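Q: Enclosed is the structure file protein26.txt (compact mmCIF, C-alpha atoms and all ligand atoms).
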```
# COMPACT_ATOMS: atom_id res chain seq x y z
CA MET A 1 7.60 -1.68 9.67
CA THR A 2 6.49 1.89 9.09
CA GLY A 3 2.90 2.57 8.05
CA GLY A 4 1.92 -0.87 9.37
CA ALA A 5 -1.57 0.25 10.46
CA GLY A 6 -2.54 1.03 6.86
CA PHE A 7 -3.97 -1.32 4.24
CA ILE A 8 -0.89 -3.08 2.81
CA GLY A 9 1.27 -2.56 5.89
CA ALA A 10 -1.22 -4.32 8.18
CA ASN A 11 -1.57 -7.22 5.76
CA PHE A 12 2.22 -7.42 5.61
CA VAL A 13 2.79 -7.31 9.39
CA PHE A 14 0.42 -10.28 9.68
CA ASN A 15 1.98 -12.06 6.69
CA TRP A 16 5.55 -11.57 7.93
CA SER A 17 5.05 -12.39 11.58
CA THR A 18 2.98 -15.46 10.70
CA ALA A 19 5.58 -16.74 8.22
CA THR A 20 8.70 -15.99 10.27
CA GLY A 21 7.69 -15.54 13.94
CA ASP A 22 10.14 -12.59 14.03
CA PRO A 23 9.43 -9.73 16.43
CA VAL A 24 7.97 -6.69 14.64
CA VAL A 25 7.82 -3.04 15.70
CA THR A 26 5.15 -1.11 13.82
CA LEU A 27 5.64 2.66 13.65
CA ASP A 28 2.59 4.52 12.38
CA LYS A 29 1.30 8.07 12.68
CA LEU A 30 -2.32 6.89 12.52
CA THR A 31 -3.49 9.40 9.95
CA TYR A 32 -7.07 8.98 8.68
CA ALA A 33 -5.75 5.92 6.75
CA GLY A 34 -4.19 4.23 9.78
CA ASN A 35 -6.42 2.01 11.88
CA LEU A 36 -5.31 -0.15 14.78
CA ASP A 37 -8.20 -2.50 14.10
CA ASN A 38 -6.26 -3.48 10.95
CA LEU A 39 -3.62 -4.98 13.25
CA ARG A 40 -6.06 -6.92 15.45
CA MET A 41 -4.65 -10.29 14.29
CA VAL A 42 -1.17 -9.42 15.65
CA GLN A 43 -1.88 -6.99 18.50
CA GLU A 44 -2.13 -9.78 21.06
CA ARG A 45 1.12 -11.41 19.94
CA LYS A 46 4.02 -10.72 22.30
CA GLU A 47 6.34 -10.40 19.26
CA HIS A 48 4.44 -7.31 18.06
CA LEU A 49 4.85 -3.77 19.37
CA PHE A 50 2.89 -0.77 18.09
CA VAL A 51 4.43 2.70 18.36
CA LEU A 52 2.48 5.86 17.48
CA GLY A 53 4.75 8.26 15.64
CA ASP A 54 5.96 9.94 12.48
CA ILE A 55 8.69 8.59 10.17
CA GLY A 56 9.92 12.20 10.01
CA ASP A 57 10.53 12.34 13.78
CA CYS A 58 14.30 11.76 13.80
CA ALA A 59 14.64 11.54 17.59
CA LEU A 60 11.91 8.90 17.84
CA VAL A 61 13.10 6.85 14.85
CA GLY A 62 16.73 6.96 16.05
CA ALA A 63 15.72 5.86 19.57
CA LEU A 64 13.57 3.00 18.21
CA LEU A 65 16.40 1.75 16.02
CA ARG A 66 18.88 1.76 18.91
CA GLN A 67 16.39 0.17 21.30
CA HIS A 68 15.05 -2.62 19.05
CA HIS A 69 18.07 -3.26 16.87
CA PRO A 70 16.13 -4.34 13.74
CA LYS A 71 17.71 -6.44 10.98
CA ALA A 72 15.52 -4.64 8.43
CA VAL A 73 13.28 -1.61 8.02
CA VAL A 74 10.31 -1.83 5.66
CA ASN A 75 8.81 1.52 4.70
CA PHE A 76 5.08 1.46 3.89
CA ALA A 77 4.33 4.84 5.47
CA ALA A 78 2.95 7.28 2.93
CA GLU A 79 0.07 9.46 1.91
CA SER A 80 -1.37 7.17 -0.73
CA HIS A 81 -4.53 8.46 -2.40
CA VAL A 82 -4.23 10.26 -5.76
CA ASP A 83 -7.50 12.22 -5.37
CA ARG A 84 -6.37 13.58 -1.99
CA SER A 85 -3.02 14.58 -3.48
CA ILE A 86 -4.84 16.67 -6.09
CA HIS A 87 -6.81 18.55 -3.43
CA GLY A 88 -4.01 18.83 -0.84
CA PRO A 89 -0.48 17.97 -2.01
CA GLU A 90 1.33 19.37 1.05
CA ASP A 91 0.98 16.26 3.26
CA PHE A 92 2.31 14.14 0.39
CA ILE A 93 5.49 16.17 0.15
CA GLN A 94 5.86 16.20 3.93
CA THR A 95 5.52 12.45 4.51
CA ASN A 96 6.54 10.86 1.21
CA VAL A 97 9.52 13.12 0.48
CA VAL A 98 10.67 14.85 3.70
CA GLY A 99 9.57 11.96 5.95
CA THR A 100 11.35 9.36 3.82
CA PHE A 101 14.47 11.55 3.80
CA HIS A 102 14.51 11.78 7.61
CA LEU A 103 13.87 8.05 7.90
CA LEU A 104 16.77 7.32 5.53
CA GLN A 105 19.07 9.60 7.52
CA GLU A 106 18.29 7.83 10.80
CA VAL A 107 18.51 4.36 9.25
CA ARG A 108 21.84 5.22 7.66
CA GLY A 109 23.24 6.44 11.00
CA TYR A 110 22.08 3.20 12.67
CA TRP A 111 23.36 0.97 9.86
CA GLU A 112 26.81 2.60 9.87
CA MET A 113 27.22 1.74 13.56
CA LEU A 114 26.34 -1.96 13.15
CA PRO A 115 29.09 -4.59 13.46
CA ALA A 116 30.28 -5.80 10.03
CA PRO A 117 28.25 -9.04 9.68
CA GLU A 118 25.00 -7.32 10.72
CA ARG A 119 25.76 -4.38 8.45
CA THR A 120 26.09 -6.76 5.51
CA ARG A 121 22.79 -8.49 6.30
CA PHE A 122 20.77 -5.32 7.03
CA ARG A 123 18.09 -4.24 4.50
CA PHE A 124 16.02 -1.09 3.98
CA LEU A 125 13.03 -1.98 1.80
CA HIS A 126 11.03 0.89 0.33
CA VAL A 127 7.52 0.09 -0.89
CA SER A 128 6.60 2.13 -3.94
CA THR A 129 4.17 2.21 -6.81
CA ASP A 130 3.99 1.70 -10.58
CA GLU A 131 2.48 5.21 -10.82
CA VAL A 132 6.02 6.69 -10.83
CA TYR A 133 6.31 5.54 -14.47
CA GLY A 134 3.40 7.68 -15.68
CA SER A 135 0.75 6.64 -18.16
CA LEU A 136 0.80 4.05 -21.00
CA ASN A 137 -0.95 4.11 -24.35
CA PRO A 138 -3.03 1.01 -25.22
CA ASP A 139 -0.27 -0.64 -27.30
CA ASP A 140 2.74 0.33 -25.17
CA PRO A 141 4.72 -2.48 -23.50
CA PRO A 142 4.19 -2.70 -19.72
CA PHE A 143 6.47 -0.87 -17.27
CA SER A 144 9.79 -2.60 -16.60
CA GLU A 145 12.43 -1.63 -14.04
CA SER A 146 14.23 0.40 -16.75
CA THR A 147 11.18 2.44 -17.81
CA THR A 148 11.87 6.16 -17.38
CA TYR A 149 10.13 7.83 -14.46
CA ALA A 150 7.36 10.22 -15.58
CA PRO A 151 5.03 10.84 -12.62
CA ASN A 152 1.86 12.82 -13.34
CA SER A 153 0.08 13.41 -10.02
CA PRO A 154 1.38 15.02 -6.82
CA TYR A 155 1.11 11.53 -5.25
CA SER A 156 3.22 9.80 -7.89
CA ALA A 157 5.69 12.70 -8.02
CA SER A 158 6.21 12.48 -4.27
CA LYS A 159 6.69 8.69 -4.47
CA ALA A 160 9.14 9.15 -7.36
CA ALA A 161 11.12 11.63 -5.25
CA SER A 162 11.28 9.13 -2.39
CA ASP A 163 12.42 6.36 -4.75
CA HIS A 164 15.24 8.62 -5.98
CA LEU A 165 16.33 9.36 -2.42
CA VAL A 166 16.43 5.63 -1.65
CA ARG A 167 18.50 5.04 -4.79
CA ALA A 168 20.88 7.85 -3.81
CA TYR A 169 21.39 6.44 -0.31
CA HIS A 170 22.49 3.17 -1.87
CA HIS A 171 24.80 4.71 -4.44
CA THR A 172 26.25 7.39 -2.19
CA TYR A 173 26.43 5.72 1.23
CA GLY A 174 26.18 2.03 0.36
CA LEU A 175 22.96 1.54 2.38
CA PRO A 176 21.62 -1.91 1.37
CA THR A 177 18.29 -0.73 -0.07
CA LEU A 178 15.58 -2.56 -2.00
CA THR A 179 12.71 -0.82 -3.80
CA THR A 180 9.49 -2.46 -4.98
CA ASN A 181 7.14 -0.80 -7.47
CA CYS A 182 3.75 -2.44 -7.36
CA SER A 183 0.53 -2.07 -9.30
CA ASN A 184 -2.93 -1.40 -7.79
CA ASN A 185 -3.69 -3.57 -4.76
CA TYR A 186 -7.06 -4.71 -3.46
CA GLY A 187 -8.13 -6.92 -0.55
CA PRO A 188 -9.05 -6.85 3.17
CA PHE A 189 -8.61 -3.62 5.19
CA GLN A 190 -8.41 -1.23 2.22
CA PHE A 191 -9.79 2.19 3.13
CA PRO A 192 -13.05 2.77 1.24
CA GLU A 193 -11.83 5.83 -0.66
CA LYS A 194 -10.19 3.50 -3.23
CA LEU A 195 -12.18 2.13 -6.15
CA ILE A 196 -12.88 -1.48 -5.16
CA PRO A 197 -13.92 -1.07 -1.49
CA LEU A 198 -15.82 2.11 -2.37
CA VAL A 199 -17.82 0.27 -5.02
CA ILE A 200 -18.54 -2.72 -2.77
CA LEU A 201 -19.79 -0.56 0.11
CA ASN A 202 -21.79 1.84 -2.05
CA ALA A 203 -23.38 -1.07 -3.93
CA ILE A 204 -24.63 -2.86 -0.81
CA SER A 205 -26.03 0.43 0.53
CA GLY A 206 -27.81 1.29 -2.75
CA ASN A 207 -25.61 4.37 -3.35
CA PRO A 208 -24.28 5.48 -6.78
CA LEU A 209 -21.10 3.82 -8.07
CA PRO A 210 -19.02 6.76 -9.41
CA VAL A 211 -16.99 5.86 -12.51
CA TYR A 212 -14.59 8.62 -13.59
CA GLY A 213 -14.67 9.75 -17.25
CA ASP A 214 -15.49 7.00 -19.76
CA GLY A 215 -14.51 4.18 -17.37
CA MET A 216 -11.87 2.94 -19.83
CA ASN A 217 -8.80 3.76 -17.72
CA VAL A 218 -6.86 0.57 -17.16
CA ARG A 219 -5.16 -0.63 -13.98
CA ASP A 220 -3.17 -3.83 -13.35
CA TRP A 221 -4.73 -5.37 -10.21
CA LEU A 222 -2.91 -7.46 -7.61
CA TYR A 223 -4.39 -9.15 -4.53
CA VAL A 224 -2.75 -7.70 -1.41
CA GLY A 225 -1.69 -11.14 -0.09
CA ASP A 226 0.30 -11.71 -3.28
CA HIS A 227 1.95 -8.30 -2.88
CA CYS A 228 2.93 -9.22 0.71
CA ASP A 229 4.46 -12.52 -0.47
CA ALA A 230 6.42 -10.60 -3.10
CA ILE A 231 7.77 -8.11 -0.55
CA ARG A 232 8.80 -11.00 1.72
CA CYS A 233 10.57 -12.61 -1.23
CA VAL A 234 12.43 -9.39 -2.09
CA LEU A 235 13.37 -8.77 1.55
CA GLU A 236 14.79 -12.28 1.92
CA HIS A 237 16.41 -12.78 -1.48
CA GLY A 238 16.52 -9.45 -3.37
CA ARG A 239 19.86 -7.95 -4.36
CA PRO A 240 20.73 -4.70 -2.51
CA GLY A 241 20.44 -1.62 -4.69
CA GLU A 242 17.93 -3.30 -7.02
CA THR A 243 14.34 -2.38 -7.77
CA TYR A 244 11.63 -4.99 -8.45
CA ASN A 245 8.35 -4.43 -10.28
CA ILE A 246 5.39 -6.36 -8.88
CA GLY A 247 2.14 -6.87 -10.78
CA GLY A 248 -0.69 -9.31 -11.30
CA ARG A 249 -0.85 -9.49 -15.12
CA SER A 250 -4.49 -8.54 -14.56
CA GLU A 251 -5.17 -5.45 -16.62
CA ARG A 252 -8.80 -4.38 -16.39
CA ALA A 253 -10.71 -1.27 -17.48
CA ASN A 254 -12.36 0.42 -14.48
CA ILE A 255 -15.84 -0.15 -15.85
CA ASP A 256 -15.13 -3.89 -16.09
CA VAL A 257 -13.88 -3.93 -12.49
CA VAL A 258 -17.07 -2.21 -11.32
CA ARG A 259 -19.30 -4.54 -13.37
CA THR A 260 -17.49 -7.62 -12.01
CA VAL A 261 -18.02 -6.43 -8.41
CA CYS A 262 -21.70 -5.89 -9.25
CA ARG A 263 -22.08 -9.40 -10.70
CA ILE A 264 -20.43 -11.01 -7.65
CA LEU A 265 -22.76 -9.05 -5.37
CA ASP A 266 -25.84 -9.99 -7.45
CA GLU A 267 -24.90 -13.59 -6.78
CA ILE A 268 -23.85 -13.53 -3.10
CA HIS A 269 -25.74 -10.49 -1.76
CA PRO A 270 -29.08 -10.39 -3.59
CA GLY A 271 -30.77 -8.58 -0.67
CA SER A 272 -29.22 -5.15 -1.47
CA PRO A 273 -31.61 -2.18 -1.91
CA THR A 274 -30.89 -2.02 -5.69
CA VAL A 275 -30.46 -5.18 -7.76
CA PRO A 276 -28.95 -5.76 -10.24
CA HIS A 277 -26.22 -3.64 -8.67
CA GLU A 278 -25.12 -2.36 -12.12
CA LYS A 279 -28.13 -0.02 -12.10
CA LEU A 280 -26.15 2.11 -9.63
CA ILE A 281 -23.25 2.80 -12.05
CA THR A 282 -22.94 6.56 -12.59
CA PHE A 283 -20.40 8.16 -14.90
CA VAL A 284 -18.96 11.28 -13.23
CA LYS A 285 -16.50 14.07 -14.10
CA ASP A 286 -13.00 12.72 -14.75
CA ARG A 287 -10.08 13.08 -12.33
CA PRO A 288 -7.71 15.89 -13.50
CA GLY A 289 -4.59 14.45 -15.18
CA HIS A 290 -6.07 10.94 -14.93
CA ASP A 291 -3.44 8.39 -16.08
CA ARG A 292 -4.94 6.23 -18.83
CA ARG A 293 -3.21 2.92 -18.32
CA TYR A 294 -0.80 1.19 -15.93
CA ALA A 295 0.66 -2.25 -16.60
CA ILE A 296 3.58 -4.08 -14.99
CA ASP A 297 6.16 -6.39 -16.50
CA ALA A 298 6.96 -8.62 -13.50
CA ALA A 299 9.47 -10.83 -15.36
CA LYS A 300 12.43 -9.79 -13.15
CA ILE A 301 10.93 -10.83 -9.81
CA GLU A 302 9.43 -13.94 -11.41
CA LYS A 303 12.72 -15.10 -12.97
CA GLU A 304 15.15 -13.93 -10.29
CA LEU A 305 13.18 -14.70 -7.15
CA GLY A 306 10.58 -17.22 -8.34
CA TRP A 307 7.59 -15.16 -7.12
CA ARG A 308 4.22 -15.52 -8.85
CA PRO A 309 0.78 -14.34 -7.75
CA LYS A 310 -1.45 -17.07 -6.34
CA GLU A 311 -4.77 -15.32 -6.92
CA SER A 312 -6.36 -14.52 -10.26
CA PHE A 313 -8.30 -11.25 -10.40
CA GLU A 314 -11.57 -13.19 -10.22
CA THR A 315 -10.62 -15.32 -7.17
CA GLY A 316 -9.04 -12.39 -5.34
CA LEU A 317 -11.99 -10.12 -6.03
CA ARG A 318 -14.50 -12.69 -4.82
CA LYS A 319 -12.53 -13.12 -1.56
CA THR A 320 -12.40 -9.35 -1.15
CA VAL A 321 -16.13 -8.81 -1.68
CA GLN A 322 -16.85 -11.60 0.82
CA TRP A 323 -14.43 -10.03 3.34
CA TYR A 324 -16.25 -6.68 3.24
CA LEU A 325 -19.60 -8.45 3.69
CA ASP A 326 -18.25 -10.48 6.63
CA ASN A 327 -16.55 -7.56 8.37
CA GLN A 328 -19.38 -5.10 8.90
CA ALA A 329 -18.03 -4.04 12.32
CA TRP A 330 -14.76 -2.91 10.67
CA VAL A 331 -16.74 -1.19 7.92
CA ARG A 332 -18.94 0.61 10.47
CA GLY A 333 -15.87 1.70 12.46
CA VAL A 334 -14.30 3.17 9.34
CA THR A 335 -17.39 4.77 7.85
CA THR A 336 -18.53 6.36 11.14
CA GLY A 337 -15.02 7.47 12.12
CA GLU A 338 -15.30 5.40 15.33
CA TYR A 339 -11.85 3.87 14.67
CA ARG A 340 -10.19 7.25 15.28
CA LYS A 341 -11.40 7.42 18.88
CA TRP A 342 -8.60 5.01 19.87
CA VAL A 343 -5.89 7.63 19.43
CA GLU A 344 -7.70 10.15 21.60
CA LEU A 345 -8.42 7.55 24.25
CA HIS A 346 -4.82 6.38 24.51
CA TYR A 347 -2.83 9.49 23.70
CA GLY A 348 -5.17 12.46 24.32
CA ALA A 349 -6.79 14.90 21.89
CA GLN A 350 -3.53 16.83 21.29
CA HIS A 351 -2.13 13.80 19.42
CA GLN A 352 -4.95 13.60 16.89
CA PRO A 353 -3.18 13.62 13.52
CA SER A 354 -4.84 14.95 10.37
P1 LIG B 401 -2.54 3.51 3.33
O1 LIG B 401 -2.86 4.93 3.05
O2 LIG B 401 -3.66 2.54 3.55
O3 LIG B 401 -1.61 3.41 4.64
C1 LIG B 401 -0.57 4.30 4.88
C2 LIG B 401 -0.18 4.17 6.36
O4 LIG B 401 0.93 5.06 6.61
C3 LIG B 401 -1.30 4.59 7.32
O5 LIG B 401 -1.41 3.66 8.37
C4 LIG B 401 -0.83 5.95 7.85
O6 LIG B 401 -1.31 6.22 9.17
C5 LIG B 401 0.67 5.78 7.80
N1 LIG B 401 1.39 7.07 7.72
C6 LIG B 401 1.12 8.12 6.90
N2 LIG B 401 1.99 9.11 7.11
C7 LIG B 401 2.85 8.67 8.07
C8 LIG B 401 3.99 9.23 8.70
N3 LIG B 401 4.41 10.47 8.39
N4 LIG B 401 4.64 8.50 9.62
C9 LIG B 401 4.22 7.25 9.96
N5 LIG B 401 3.13 6.67 9.40
C10 LIG B 401 2.46 7.37 8.47
O7 LIG B 401 -1.60 3.05 2.16
P2 LIG B 401 -1.42 1.60 1.48
O8 LIG B 401 -2.39 1.46 0.38
O9 LIG B 401 -1.34 0.59 2.54
O10 LIG B 401 0.02 1.80 0.83
C11 LIG B 401 1.21 1.47 1.53
C12 LIG B 401 2.41 1.78 0.66
O11 LIG B 401 2.32 1.05 -0.55
C13 LIG B 401 2.48 3.26 0.25
O12 LIG B 401 3.84 3.65 0.28
C14 LIG B 401 1.96 3.28 -1.18
O13 LIG B 401 2.55 4.32 -1.92
C15 LIG B 401 2.39 1.93 -1.67
N6 LIG B 401 1.56 1.31 -2.74
C16 LIG B 401 0.20 1.23 -2.58
C17 LIG B 401 -0.56 0.62 -3.59
C18 LIG B 401 -2.07 0.47 -3.46
O14 LIG B 401 -2.72 0.05 -4.43
N7 LIG B 401 -2.68 0.74 -2.31
C19 LIG B 401 0.06 0.12 -4.74
C20 LIG B 401 1.45 0.23 -4.84
C21 LIG B 401 2.19 0.83 -3.82
P1 LIG B 402 -7.88 4.36 -7.08
O1 LIG B 402 -8.45 3.19 -6.35
O2 LIG B 402 -8.05 5.72 -6.50
O3 LIG B 402 -6.34 4.03 -7.37
P2 LIG B 402 -5.27 4.82 -8.32
O4 LIG B 402 -5.75 6.18 -8.59
O5 LIG B 402 -4.05 4.81 -7.44
O6 LIG B 402 -5.11 3.97 -9.56
O7 LIG B 402 -8.53 4.38 -8.54
C1 LIG B 402 -8.44 3.27 -9.41
C2 LIG B 402 -9.05 3.69 -10.72
O8 LIG B 402 -10.46 3.90 -10.53
C3 LIG B 402 -8.50 5.01 -11.23
O9 LIG B 402 -8.42 4.94 -12.66
C4 LIG B 402 -9.55 6.03 -10.82
C5 LIG B 402 -10.82 5.24 -10.85
N1 LIG B 402 -11.87 5.63 -9.87
C6 LIG B 402 -13.19 5.79 -10.30
O10 LIG B 402 -13.52 5.66 -11.49
N2 LIG B 402 -14.13 6.15 -9.36
C7 LIG B 402 -13.82 6.32 -8.04
O11 LIG B 402 -14.71 6.66 -7.23
C8 LIG B 402 -12.45 6.11 -7.62
C9 LIG B 402 -12.06 6.30 -6.18
C10 LIG B 402 -11.51 5.76 -8.57
```
Once more with this new file: its structure as structure tokens, please.
Ligand code: NAD
Ligand code: TYD
A:
Amino acid sequence: MTGGAGFIGANFVFNWSTATGDPVVTLDKLTYAGNLDNLRMVQERKEHLFVLGDIGDCALVGALLRQHHPKAVVNFAAESHVDRSIHGPEDFIQTNVVGTFHLLQEVRGYWEMLPAPERTRFRFLHVSTDEVYGSLNPDDPPFSESTTYAPNSPYSASKAASDHLVRAYHHTYGLPTLTTNCSNNYGPFQFPEKLIPLVILNAISGNPLPVYGDGMNVRDWLYVGDHCDAIRCVLEHGRPGETYNIGGRSERANIDVVRTVCRILDEIHPGSPTVPHEKLITFVKDRPGHDRRYAIDAAKIEKELGWRPKESFETGLRKTVQWYLDNQAWVRGVTTGEYRKWVELHYGAQHQPS
């Protein structure tokens, strides 16, 4: 698993190793978004090995593949935040495009050397986003696997480029690839630069809740545990060369998401400095090029693989709010930057990534 110390990756490492008991090697560069505390539920398991490193480091990736002989590679590693991509696109091109290319090259070299039965069973699963499809108008049908790519931010453009490379490695070299394009995730261990954790943490501290523009941009929300189940399903039963859209059929305007978080907190955390929490909502300048609406048609994965989300938006959101309230030590580590000290302690200051 690459990028397994990030939000979805860490949830997936736990999900996969709990469901299958398979050994897992997690390769992660530990950028600001990577946090070993996210892997605390698996770190003690003898089946799990963490390796600090970059997916673009061909020598390291090649050596890991030869040493551990994986039956699959799942690529979560990416720069993932749209706002950061607007202010500094370079890292997005480096990891999401160049890094994925180097990873594909090494995986292809490894796969070509496998004995025939293992070569047939091997899978490279690339985790991608619905943002590659661009923006929908209110009455447009949701994105399907045949929707034309039309990325609008440096983040989505870099993910689109990586998806195309994955596609090309299947068509050109026969690498048994799978690509998943998922809608917005939320749940435990999400870095508080993204809307839902940011709103929860600001609300309980009495800080403003920044809503971009008119708050009417729509996202299709999926609980991270449901996303992990979907990836497991695709990895086990997906057809090589195919792409699968994953979504929660939970379209919500941002302002409604923020109000729902506020209402849950009014109920379960009435001791916050400002109650009702909605008083903290502040409309701020819009994000440049802000996509208006994303929505996913998940019919293919539902029909072909039988996957369906278990959580509704309301049940998943309640669990998530409760998780952030119950995990103040994690929150403190992330908000104070304490979590980054681990890299320095174990690898020395020269290994501190950006
Ligand atoms: P995240 O930013 O929380 O985690 C990314 C992880 O990748 C971090 O641990 C980071 O240290 C690691 N990483 C970054 N560059 C690396 C490199 N060069 N080499 C090795 N590791 C590196 O992201 P996330 O939200 O967990 O997203 C995971 C994947 O899912 C991404 O590919 C993202 O595009 C995709 N995705 C995310 C969402 C969402 O809502 N968060 C939705 C759909 C798809
Ligand atoms: P985000 O969590 O950054 O995910 P993405 O940009 O990948 O969809 O943002 C979700 C939505 O919330 C998006 O429409 C931007 C909006 N947003 C705010 O209104 N305020 C904020 O502070 C943030 C971070 C996002």
Q: Taking all atoms listed in the file into account, list the residues no farther than 8 Å from ligand LIG 401 (chain B), as a PyMOL selection string.
A: chain A and resi 2-10+27-35+52-56+75-81+94-96+99+126-131+159+181-186+190-191
Q: Let me have the centre and edge lengths of the axis-aligned box enclosing all listed atoms of ligand LIG 402 (chain B) with 8 Å padding on every side, in Å to one decimal, as JSON.
A:
```
{"center_x": -9.4, "center_y": 4.9, "center_z": -9.4, "size_x": 26.7, "size_y": 19.5, "size_z": 22.5}
```
Q: Using all atoms listed in the file, which of the listed residues (A:Val211, A:Leu136, A:Ala157, A:Leu60) sits closest to ligand LIG 402 (chain B)?
A: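 Among the listed residues, the smallest separation from ligand LIG 402 (chain B) belongs to A:Val211.
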Q: At a cut-off of 7 Å around ligand LIG 402 (chain B), and using all atoms listed in the file, what residues come up? Please write them as a PyMOL selection string.
A: chain A and resi 81-83+184+193-196+198+210-212+215+217-219+254+290-291
Q: Please compute the atom CA of A:Val98-atom CA of A:Phe122 distance, one decimal, in Å.
A: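 Going from atom CA of A:Val98 over to atom CA of A:Phe122 covers 22.8 Å.
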Q: How many Å separate atom CA of A:Thr180 from atom CA of A:Ser250?
A: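 Going from atom CA of A:Thr180 over to atom CA of A:Ser250, I get 18.0 Å.
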Q: What is the atom CA of A:Tyr133 to atom CA of A:Thr148 distance in Å?
A: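 So the answer is 6.3 Å.
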Q: Which of these, A:Phe12, A:Ile246, A:Arg318, A:Tyr155, has the shortest distance to A:Phe92 once you count all atoms listed in the file?
A: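 Distance minimum relative to A:Phe92 lands on A:Tyr155.
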Q: Ranking A:Pro240, A:Gly289, A:Gly174, A:Leu103 by minimum distance to A:Ile86 and counting only C-alpha atoms, which one comes first?
A: A:Gly289
Q: Extract, using all atoms listed in the file, all DNA, RNA and protein residues at most 10 Å from A:Pro197, discarding same-chain residues fewer than 4 positions from it, and format them as a PyMOL selection string.
A: chain A and resi 186-193+201-203+261+320-321+324+331
Q: May I ask which of the residues A:Glu344, A:Glu302, A:Asp286, A:Glu314 is the closest one to A:Arg252, counting all atoms listed in the file?
A: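 Selected residue with least distance to A:Arg252: A:Glu314.
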Q: Extract, using all atoms listed in the file, all DNA, RNA and protein residues at most 7 Å from A:Asn245, discarding same-chain residues fewer than 2 positions from it, and format them as a PyMOL selection string.
A: chain A and resi 144-145+180-182+243+247+296-298+301
Q: Give the answer as one residue: which of A:Ile268, A:Val132, A:Ile200, A:Leu64 has the shortest atom-to-atom distance to A:Gln328, using all atoms listed in the file?
A: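 Answer, going by the shortest atom-to-atom distance: A:Ile200.
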Q: For A:Pro208, find every residue with an atom within 10 Å (counting all atoms listed in the file), except residues of its own chain fewer than 4 positions away, and show them as an mmCIF file with C-alpha atoms, keeping the file's coordinate frame.
A:
```
data_model
loop_
_atom_site.group_PDB
_atom_site.id
_atom_site.type_symbol
_atom_site.label_atom_id
_atom_site.label_comp_id
_atom_site.auth_asym_id
_atom_site.auth_seq_id
_atom_site.Cartn_x
_atom_site.Cartn_y
_atom_site.Cartn_z
ATOM 1 C CA VAL A 199 -17.820 0.270 -5.020
ATOM 2 C CA ASN A 202 -21.790 1.840 -2.050
ATOM 3 C CA ALA A 203 -23.380 -1.070 -3.930
ATOM 4 C CA HIS A 277 -26.220 -3.640 -8.670
ATOM 5 C CA GLU A 278 -25.120 -2.360 -12.120
ATOM 6 C CA LYS A 279 -28.130 -0.020 -12.100
ATOM 7 C CA LEU A 280 -26.150 2.110 -9.630
ATOM 8 C CA ILE A 281 -23.250 2.800 -12.050
ATOM 9 C CA THR A 282 -22.940 6.560 -12.590
ATOM 10 C CA PHE A 283 -20.400 8.160 -14.900
#
```
Q: Is it possible to add N, CA and C atoms to stretch 321-332 of chain A and hand it back as a CSV table (one decimal), keeping the file's coordinate frame?
A:
```csv
chain,number,residue,atom,x,y,z
A,321,VAL,N,-14.7,-9.2,-1.8
A,321,VAL,CA,-16.1,-8.8,-1.7
A,321,VAL,C,-16.7,-9.5,-0.4
A,322,GLN,N,-16.4,-10.8,-0.3
A,322,GLN,CA,-16.8,-11.6,0.8
A,322,GLN,C,-16.3,-11.0,2.1
A,323,TRP,N,-15.0,-10.6,2.1
A,323,TRP,CA,-14.4,-10.0,3.3
A,323,TRP,C,-15.2,-8.8,3.8
A,324,TYR,N,-15.5,-7.9,2.9
A,324,TYR,CA,-16.2,-6.7,3.2
A,324,TYR,C,-17.6,-7.0,3.8
A,325,LEU,N,-18.3,-8.0,3.2
A,325,LEU,CA,-19.6,-8.4,3.7
A,325,LEU,C,-19.5,-9.1,5.1
A,326,ASP,N,-18.4,-9.8,5.3
A,326,ASP,CA,-18.2,-10.5,6.6
A,326,ASP,C,-17.7,-9.6,7.7
A,327,ASN,N,-17.2,-8.4,7.4
A,327,ASN,CA,-16.6,-7.6,8.4
A,327,ASN,C,-17.3,-6.2,8.5
A,328,GLN,N,-18.6,-6.3,8.8
A,328,GLN,CA,-19.4,-5.1,8.9
A,328,GLN,C,-19.0,-4.2,10.1
A,329,ALA,N,-18.4,-4.9,11.2
A,329,ALA,CA,-18.0,-4.0,12.3
A,329,ALA,C,-16.9,-3.1,11.9
A,330,TRP,N,-15.9,-3.7,11.2
A,330,TRP,CA,-14.8,-2.9,10.7
A,330,TRP,C,-15.3,-1.8,9.8
A,331,VAL,N,-16.2,-2.2,8.9
A,331,VAL,CA,-16.7,-1.2,7.9
A,331,VAL,C,-17.4,-0.1,8.7
A,332,ARG,N,-18.2,-0.4,9.7
A,332,ARG,CA,-18.9,0.6,10.5
A,332,ARG,C,-17.9,1.5,11.2
```
